[in-house]
file upload.pdb (PDB, C-alpha atoms)
ATOM      1  CA  MET A  29      87.676 128.220 100.020
ATOM      2  CA  HIS A  30      89.592 125.024 100.912
ATOM      3  CA  LEU A  31      92.482 125.655  98.543
ATOM      4  CA  VAL A  32      92.622 129.453  98.517
ATOM      5  CA  ASP A  33      92.428 129.775 102.306
ATOM      6  CA  SER A  34      95.132 127.118 102.704
ATOM      7  CA  ILE A  35      97.385 129.037 100.323
ATOM      8  CA  TYR A  36      96.830 132.321 102.189
ATOM      9  CA  VAL A  37      97.586 130.777 105.581
ATOM     10  CA  ALA A  38     100.664 128.911 104.300
ATOM     11  CA  GLN A  39     101.918 132.046 102.557
ATOM     12  CA  ALA A  40     101.626 134.177 105.681
ATOM     13  CA  ALA A  41     103.282 131.547 107.900
ATOM     14  CA  TYR A  42     105.992 130.790 105.325
ATOM     15  CA  ARG A  43     107.295 134.369 105.404
ATOM     16  CA  HIS A  44     107.904 134.172 109.174
ATOM     17  CA  MET A  45     109.308 130.656 108.981
ATOM     18  CA  LYS A  46     111.709 131.657 106.213
ATOM     19  CA  GLU A  47     113.010 134.553 108.317
ATOM     20  CA  SER A  48     113.562 132.280 111.312
ATOM     21  CA  GLY A  49     115.087 129.446 109.260
ATOM     22  CA  TYR A  50     112.677 126.891 110.668
ATOM     23  CA  GLY A  51     109.049 125.887 110.336
ATOM     24  CA  ARG A  52     106.494 123.098 110.261
ATOM     25  CA  LEU A  53     103.285 123.177 108.225
ATOM     26  CA  VAL A  54     100.548 120.546 108.358
ATOM     27  CA  HIS A  55      97.784 120.890 105.796
ATOM     28  CA  THR A  56      94.518 118.970 105.614
ATOM     29  CA  THR A  57      93.650 117.192 102.384
ATOM     30  CA  SER A  58      91.266 114.244 102.035
ATOM     31  CA  GLY A  59      90.835 110.887 100.385
ATOM     32  CA  SER A  60      88.448 112.595  97.972
ATOM     33  CA  GLY A  61      91.287 114.820  96.783
ATOM     34  CA  LEU A  62      93.797 111.993  96.563
ATOM     35  CA  PHE A  63      91.632 109.298  94.996
ATOM     36  CA  GLY A  64      88.442 111.014  93.807
ATOM     37  CA  SER A  65      84.920 110.616  95.083
ATOM     38  CA  PHE A  66      81.441 110.462  93.634
ATOM     39  CA  ALA A  67      79.610 113.819  93.463
ATOM     40  CA  GLN A  68      82.448 115.807  95.046
ATOM     41  CA  LEU A  69      84.232 117.336  92.055
ATOM     42  CA  ASN A  70      84.858 120.820  93.476
ATOM     43  CA  TYR A  71      85.839 119.514  96.904
ATOM     44  CA  ALA A  72      88.104 116.813  95.478
ATOM     45  CA  ALA A  73      89.851 119.263  93.137
ATOM     46  CA  ALA A  74      90.490 121.726  95.977
ATOM     47  CA  LYS A  75      91.803 119.029  98.308
ATOM     48  CA  ALA A  76      94.081 117.654  95.564
ATOM     49  CA  GLY A  77      95.381 121.191  95.114
ATOM     50  CA  ILE A  78      96.221 121.372  98.814
ATOM     51  CA  ALA A  79      98.288 118.180  98.566
ATOM     52  CA  GLY A  80     100.168 119.586  95.564
ATOM     53  CA  MET A  81     100.682 122.909  97.315
ATOM     54  CA  SER A  82     102.067 121.165 100.396
ATOM     55  CA  CYS A  83     104.570 119.177  98.327
ATOM     56  CA  THR A  84     105.682 122.352  96.534
ATOM     57  CA  VAL A  85     106.083 124.214  99.829
ATOM     58  CA  ALA A  86     108.208 121.284 101.051
ATOM     59  CA  ILE A  87     110.472 121.546  98.001
ATOM     60  CA  GLU A  88     110.787 125.321  98.182
ATOM     61  CA  GLY A  89     111.068 125.428 101.972
ATOM     62  CA  ALA A  90     113.716 122.723 102.372
ATOM     63  CA  ARG A  91     116.591 125.201 102.089
ATOM     64  CA  TYR A  92     115.036 127.269 104.895
ATOM     65  CA  GLY A  93     114.402 124.395 107.295
ATOM     66  CA  ILE A  94     110.660 124.397 106.555
ATOM     67  CA  LEU A  95     108.825 121.054 106.454
ATOM     68  CA  SER A  96     105.367 120.708 104.953
ATOM     69  CA  ASN A  97     103.102 117.670 105.150
ATOM     70  CA  CYS A  98      99.432 116.764 104.778
ATOM     71  CA  ILE A  99      97.049 114.607 106.688
ATOM     72  CA  ALA A 100      94.062 113.043 104.988
ATOM     73  CA  PRO A 101      91.486 112.198 107.671
ATOM     74  CA  LEU A 102      88.992 109.561 106.650
ATOM     75  CA  ALA A 103      86.198 110.992 108.748
ATOM     76  CA  ALA A 104      84.485 114.345 108.466
ATOM     77  CA  ARG A 105      85.040 114.954 112.181
ATOM     78  CA  THR A 106      88.525 116.369 111.622
ATOM     79  CA  GLY A 107      88.589 118.040 115.052
ATOM     80  CA  THR A 108      89.518 114.642 116.470
ATOM     81  CA  THR A 109      92.676 114.437 114.353
ATOM     82  CA  GLY A 110      94.518 117.265 116.148
ATOM     83  CA  GLY A 111      96.688 114.928 118.243
ATOM     84  CA  VAL A 112      96.299 111.995 115.909
ATOM     85  CA  PHE A 113     100.013 111.257 115.608
ATOM     86  CA  GLY A 114     100.736 111.573 119.343
ATOM     87  CA  LYS A 115     104.273 110.456 120.171
ATOM     88  CA  LEU A 116     104.916 109.692 116.496
ATOM     89  CA  THR A 117     105.064 113.418 115.726
ATOM     90  CA  ASP A 118     108.815 113.512 116.487
ATOM     91  CA  ARG A 119     109.399 110.624 114.089
ATOM     92  CA  LEU A 120     107.778 112.412 111.171
ATOM     93  CA  ALA A 121     110.946 114.117 109.999
ATOM     94  CA  GLY A 122     109.994 113.802 106.335
ATOM     95  CA  SER A 123     108.564 116.651 104.356
ATOM     96  CA  GLY A 124     106.213 116.737 101.396
ATOM     97  CA  GLU A 125     104.349 113.678 102.607
ATOM     98  CA  VAL A 126     100.642 112.919 102.928
ATOM     99  CA  PHE A 127      99.290 110.718 105.701
ATOM    100  CA  SER A 128      95.908 109.028 105.804
ATOM    101  CA  ALA A 129      94.357 108.745 109.255
ATOM    102  CA  GLY A 130      91.136 107.034 110.222
ATOM    103  CA  GLY A 131      89.698 104.264 112.346
ATOM    104  CA  GLY A 132      92.998 103.744 114.141
ATOM    105  CA  ARG A 133      94.869 103.086 110.870
ATOM    106  CA  PHE A 134      97.637 105.388 109.686
ATOM    107  CA  ALA A 135      99.299 105.166 106.304
ATOM    108  CA  ARG A 136     101.486 107.167 103.989
ATOM    109  CA  VAL A 137      99.787 108.109 100.726
ATOM    110  CA  PHE A 138     101.983 108.775  97.731
ATOM    111  CA  THR A 139     101.945 109.293  94.004
ATOM    112  CA  ALA A 140     104.324 107.113  92.050
ATOM    113  CA  TYR A 141     104.986 105.894  88.550
ATOM    114  CA  THR A 142     105.864 102.461  87.216
ATOM    115  CA  PRO A 143     108.815 101.763  84.900
ATOM    116  CA  GLY A 144     106.210 101.639  82.146
ATOM    117  CA  TRP A 145     106.956 101.117  78.477
ATOM    118  CA  THR A 146     108.857 103.402  76.124
ATOM    119  CA  ALA A 147     107.844 103.419  72.470
ATOM    120  CA  PRO A 148     110.649 102.784  69.955
ATOM    121  CA  SER A 149     112.445 106.004  69.016
ATOM    122  CA  ASP A 150     112.120 105.238  65.301
ATOM    123  CA  ASN A 151     108.343 105.302  65.660
ATOM    124  CA  GLY A 152     106.939 108.699  64.638
ATOM    125  CA  HIS A 153     103.867 108.230  66.814
ATOM    126  CA  THR A 154     102.352 105.652  69.119
ATOM    127  CA  THR A 155      98.975 104.169  68.333
ATOM    128  CA  PRO A 156      96.361 103.131  70.884
ATOM    129  CA  SER A 157      96.797  99.507  69.797
ATOM    130  CA  GLU A 158     100.566  99.682  70.476
ATOM    131  CA  MET A 159      99.846 101.041  73.940
ATOM    132  CA  ALA A 160      97.217  98.345  74.499
ATOM    133  CA  ALA A 161      99.769  95.679  73.544
ATOM    134  CA  HIS A 162     102.036  96.943  76.353
ATOM    135  CA  LEU A 163      99.326  97.808  78.880
ATOM    136  CA  GLU A 164     100.301  95.044  81.304
ATOM    137  CA  ARG A 165     103.840  96.436  81.494
ATOM    138  CA  ILE A 166     102.567 100.031  81.723
ATOM    139  CA  ARG A 167     100.250  99.171  84.641
ATOM    140  CA  ASP A 168     102.604  96.777  86.506
ATOM    141  CA  GLY A 169     102.861  98.211  90.030
ATOM    142  CA  SER A 170     105.324  95.642  91.390
ATOM    143  CA  ARG A 171     108.087  98.233  90.999
ATOM    144  CA  PHE A 172     107.608 101.971  91.184
ATOM    145  CA  THR A 173     109.400 105.259  91.706
ATOM    146  CA  ILE A 174     108.165 107.959  94.046
ATOM    147  CA  PRO A 175     109.297 111.246  92.485
ATOM    148  CA  VAL A 176     110.326 114.090  94.747
ATOM    149  CA  SER A 177     108.940 116.575  92.221
ATOM    150  CA  GLY A 178     107.502 116.763  88.727
ATOM    151  CA  ALA A 179     110.943 117.828  87.506
ATOM    152  CA  GLU A 180     112.425 114.574  88.819
ATOM    153  CA  GLU A 181     110.025 112.556  86.660
ATOM    154  CA  VAL A 182     111.060 114.571  83.592
ATOM    155  CA  HIS A 183     114.761 113.907  84.344
ATOM    156  CA  HIS A 184     113.979 110.207  84.857
ATOM    157  CA  LEU A 185     112.217 110.074  81.481
ATOM    158  CA  ALA A 186     115.160 111.815  79.802
ATOM    159  CA  ARG A 187     117.528 109.184  81.258
ATOM    160  CA  LEU A 188     115.261 106.395  80.005
ATOM    161  CA  LEU A 189     115.134 107.841  76.516
ATOM    162  CA  ARG A 190     118.941 108.152  76.384
ATOM    163  CA  THR A 191     119.455 104.526  77.472
ATOM    164  CA  ASP A 192     116.752 103.151  75.141
ATOM    165  CA  SER A 193     118.290 104.861  72.094
TER     166      SER A 193
END

call {"tool": "encode", "arguments": {"input": "upload.pdb", "output": "structure tokens"}}
result
Amino acid sequence: MHLVDSIYVAQAAYRHMKESGYGRLVHTTSGSGLFGSFAQLNYAAAKAGIAGMSCTVAIEGARYGILSNCIAPLAARTGTTGGVFGKLTDRLAGSGEVFSAGGGRFARVFTAYTPGWTAPSDNGHTTPSEMAAHLERIRDGSRFTIPVSGAEEVHHLARLLRTDS
């Protein structure tokens, strides 16, 4: 229900927004969907799907002036989050973003990737022990890239492979 209903509502609104060349969508995801949670598999999967849907709507809607974002309330009483951004609403010009809100704290939540480690191109396959030997570099979060889309990560990887050759 969480994901399917969100898709139906966004789809119906998107058609009108596309025609008018303008629109704003705010979807509700949750920390369970973004980070996982004990004993909430179905709920977490649906809420993660909503975040992915919102980012995709942002990408597809950009050319029509449609912005799409998510909030991720930390409390189950989501009725209190209606005006949660108050005067900040005008400052939220970004699209495809997820915001965590709870207990008076507001934060942007994002998915990113580290520079990682690229296996040598002359290596036919990578073994678990080779990966383990480079795990510190793979996990190093001191630098990261926030991709705009999954396609951007693929292009980034292609650039890395060309420069490492």

call {"tool": "resolve_selection", "arguments": {"input": "upload.pdb", "expression": "the PyMOL selection byres ((chain A and resi 37-48) around 12)", "output": "MDAnalysis selection string"}}
result
chainID A and resid 29:36 49:56 78 81:82 84:86 88:97

call {"tool": "atom_distance", "arguments": {"input": "upload.pdb", "atom1": "CA of Pro148 in chain A", "atom2": "CA of Asp168 in chain A"}}
result
19.4 Å

call {"tool": "atom_distance", "arguments": {"input": "upload.pdb", "atom1": "CA of Ile174 in chain A", "atom2": "CA of Tyr141 in chain A"}}
result
6.7 Å

call {"tool": "residues_around", "arguments": {"input": "upload.pdb", "residues": "range 136-140 of chain A", "least_positions_apart": "2", "cutoff": "6 Å", "atoms": "only C-alpha atoms", "output": "list in words"}}
result
Val126, Phe127, Thr173 and Ile174 of chain A

call {"tool": "atom_distance", "arguments": {"input": "upload.pdb", "atom1": "CA of Thr57 in chain A", "atom2": "CA of Ala74 in chain A"}}
result
8.5 Å

call {"tool": "closest_residue", "arguments": {"input": "upload.pdb", "among": "A:Ile87, A:Ser123, A:Ser58, A:Phe134", "to": "Ala73 in chain A", "atoms": "only C-alpha atoms"}}
result
A:Ser58

call {"tool": "build_atoms", "arguments": {"input": "upload.pdb", "residues": "range 57-90 of chain A", "atoms": "N, CA and C atoms", "output": "PDB file, in the coordinates of the input"}}
result
ATOM      1  N   THR A  57      94.212 117.587 103.672  1.00  0.00           N
ATOM      2  CA  THR A  57      93.650 117.192 102.384  1.00  0.00           C
ATOM      3  C   THR A  57      92.583 116.138 102.697  1.00  0.00           C
ATOM      4  N   SER A  58      92.221 115.321 101.758  1.00  0.00           N
ATOM      5  CA  SER A  58      91.266 114.244 102.035  1.00  0.00           C
ATOM      6  C   SER A  58      91.422 113.135 101.010  1.00  0.00           C
ATOM      7  N   GLY A  59      90.845 111.996 101.336  1.00  0.00           N
ATOM      8  CA  GLY A  59      90.835 110.887 100.385  1.00  0.00           C
ATOM      9  C   GLY A  59      90.134 111.270  99.093  1.00  0.00           C
ATOM     10  N   SER A  60      89.150 112.141  99.183  1.00  0.00           N
ATOM     11  CA  SER A  60      88.448 112.595  97.972  1.00  0.00           C
ATOM     12  C   SER A  60      89.407 113.317  97.037  1.00  0.00           C
ATOM     13  N   GLY A  61      90.318 114.106  97.599  1.00  0.00           N
ATOM     14  CA  GLY A  61      91.287 114.820  96.783  1.00  0.00           C
ATOM     15  C   GLY A  61      92.379 113.923  96.245  1.00  0.00           C
ATOM     16  N   LEU A  62      92.716 112.881  96.974  1.00  0.00           N
ATOM     17  CA  LEU A  62      93.797 111.993  96.563  1.00  0.00           C
ATOM     18  C   LEU A  62      93.341 110.903  95.608  1.00  0.00           C
ATOM     19  N   PHE A  63      92.095 110.436  95.779  1.00  0.00           N
ATOM     20  CA  PHE A  63      91.632 109.298  94.996  1.00  0.00           C
ATOM     21  C   PHE A  63      90.350 109.564  94.212  1.00  0.00           C
ATOM     22  N   GLY A  64      89.713 110.718  94.457  1.00  0.00           N
ATOM     23  CA  GLY A  64      88.442 111.014  93.807  1.00  0.00           C
ATOM     24  C   GLY A  64      87.286 110.504  94.637  1.00  0.00           C
ATOM     25  N   SER A  65      86.108 111.019  94.344  1.00  0.00           N
ATOM     26  CA  SER A  65      84.920 110.616  95.083  1.00  0.00           C
ATOM     27  C   SER A  65      83.689 111.002  94.278  1.00  0.00           C
ATOM     28  N   PHE A  66      82.671 110.200  94.364  1.00  0.00           N
ATOM     29  CA  PHE A  66      81.441 110.462  93.634  1.00  0.00           C
ATOM     30  C   PHE A  66      80.787 111.760  94.121  1.00  0.00           C
ATOM     31  N   ALA A  67      80.376 112.590  93.202  1.00  0.00           N
ATOM     32  CA  ALA A  67      79.610 113.819  93.463  1.00  0.00           C
ATOM     33  C   ALA A  67      80.347 114.836  94.330  1.00  0.00           C
ATOM     34  N   GLN A  68      81.673 114.849  94.257  1.00  0.00           N
ATOM     35  CA  GLN A  68      82.448 115.807  95.046  1.00  0.00           C
ATOM     36  C   GLN A  68      83.535 116.458  94.198  1.00  0.00           C
ATOM     37  N   LEU A  69      83.225 116.811  92.981  1.00  0.00           N
ATOM     38  CA  LEU A  69      84.232 117.336  92.055  1.00  0.00           C
ATOM     39  C   LEU A  69      84.952 118.568  92.588  1.00  0.00           C
ATOM     40  N   ASN A  70      84.223 119.592  92.998  1.00  0.00           N
ATOM     41  CA  ASN A  70      84.858 120.820  93.476  1.00  0.00           C
ATOM     42  C   ASN A  70      85.698 120.564  94.718  1.00  0.00           C
ATOM     43  N   TYR A  71      85.142 119.826  95.663  1.00  0.00           N
ATOM     44  CA  TYR A  71      85.839 119.514  96.904  1.00  0.00           C
ATOM     45  C   TYR A  71      87.098 118.700  96.615  1.00  0.00           C
ATOM     46  N   ALA A  72      86.964 117.672  95.794  1.00  0.00           N
ATOM     47  CA  ALA A  72      88.104 116.813  95.478  1.00  0.00           C
ATOM     48  C   ALA A  72      89.213 117.599  94.783  1.00  0.00           C
ATOM     49  N   ALA A  73      88.850 118.467  93.851  1.00  0.00           N
ATOM     50  CA  ALA A  73      89.851 119.263  93.137  1.00  0.00           C
ATOM     51  C   ALA A  73      90.588 120.197  94.099  1.00  0.00           C
ATOM     52  N   ALA A  74      89.863 120.826  95.010  1.00  0.00           N
ATOM     53  CA  ALA A  74      90.490 121.726  95.977  1.00  0.00           C
ATOM     54  C   ALA A  74      91.422 120.963  96.909  1.00  0.00           C
ATOM     55  N   LYS A  75      90.982 119.811  97.385  1.00  0.00           N
ATOM     56  CA  LYS A  75      91.803 119.029  98.308  1.00  0.00           C
ATOM     57  C   LYS A  75      93.033 118.450  97.606  1.00  0.00           C
ATOM     58  N   ALA A  76      92.918 118.099  96.332  1.00  0.00           N
ATOM     59  CA  ALA A  76      94.081 117.654  95.564  1.00  0.00           C
ATOM     60  C   ALA A  76      95.065 118.809  95.414  1.00  0.00           C
ATOM     61  N   GLY A  77      94.533 120.001  95.206  1.00  0.00           N
ATOM     62  CA  GLY A  77      95.381 121.191  95.114  1.00  0.00           C
ATOM     63  C   GLY A  77      96.155 121.444  96.391  1.00  0.00           C
ATOM     64  N   ILE A  78      95.535 121.196  97.529  1.00  0.00           N
ATOM     65  CA  ILE A  78      96.221 121.372  98.814  1.00  0.00           C
ATOM     66  C   ILE A  78      97.391 120.402  98.933  1.00  0.00           C
ATOM     67  N   ALA A  79      97.193 119.158  98.512  1.00  0.00           N
ATOM     68  CA  ALA A  79      98.288 118.180  98.566  1.00  0.00           C
ATOM     69  C   ALA A  79      99.439 118.624  97.662  1.00  0.00           C
ATOM     70  N   GLY A  80      99.130 119.098  96.468  1.00  0.00           N
ATOM     71  CA  GLY A  80     100.168 119.586  95.564  1.00  0.00           C
ATOM     72  C   GLY A  80     100.870 120.810  96.111  1.00  0.00           C
ATOM     73  N   MET A  81     100.101 121.716  96.707  1.00  0.00           N
ATOM     74  CA  MET A  81     100.682 122.909  97.315  1.00  0.00           C
ATOM     75  C   MET A  81     101.639 122.518  98.434  1.00  0.00           C
ATOM     76  N   SER A  82     101.235 121.581  99.274  1.00  0.00           N
ATOM     77  CA  SER A  82     102.067 121.165 100.396  1.00  0.00           C
ATOM     78  C   SER A  82     103.385 120.575  99.915  1.00  0.00           C
ATOM     79  N   CYS A  83     103.340 119.761  98.877  1.00  0.00           N
ATOM     80  CA  CYS A  83     104.570 119.177  98.327  1.00  0.00           C
ATOM     81  C   CYS A  83     105.477 120.266  97.751  1.00  0.00           C
ATOM     82  N   THR A  84     104.891 121.255  97.099  1.00  0.00           N
ATOM     83  CA  THR A  84     105.682 122.352  96.534  1.00  0.00           C
ATOM     84  C   THR A  84     106.300 123.200  97.642  1.00  0.00           C
ATOM     85  N   VAL A  85     105.538 123.472  98.692  1.00  0.00           N
ATOM     86  CA  VAL A  85     106.083 124.214  99.829  1.00  0.00           C
ATOM     87  C   VAL A  85     107.245 123.432 100.446  1.00  0.00           C
ATOM     88  N   ALA A  86     107.125 122.110 100.507  1.00  0.00           N
ATOM     89  CA  ALA A  86     108.208 121.284 101.051  1.00  0.00           C
ATOM     90  C   ALA A  86     109.474 121.424 100.209  1.00  0.00           C
ATOM     91  N   ILE A  87     109.321 121.411  98.898  1.00  0.00           N
ATOM     92  CA  ILE A  87     110.472 121.546  98.001  1.00  0.00           C
ATOM     93  C   ILE A  87     111.105 122.923  98.156  1.00  0.00           C
ATOM     94  N   GLU A  88     110.276 123.955  98.106  1.00  0.00           N
ATOM     95  CA  GLU A  88     110.787 125.321  98.182  1.00  0.00           C
ATOM     96  C   GLU A  88     111.297 125.671  99.582  1.00  0.00           C
ATOM     97  N   GLY A  89     110.696 125.095 100.607  1.00  0.00           N
ATOM     98  CA  GLY A  89     111.068 125.428 101.972  1.00  0.00           C
ATOM     99  C   GLY A  89     112.246 124.647 102.526  1.00  0.00           C
ATOM    100  N   ALA A  90     112.639 123.579 101.856  1.00  0.00           N
ATOM    101  CA  ALA A  90     113.716 122.723 102.372  1.00  0.00           C
ATOM    102  C   ALA A  90     114.980 123.508 102.700  1.00  0.00           C
TER     103      ALA A  90
END
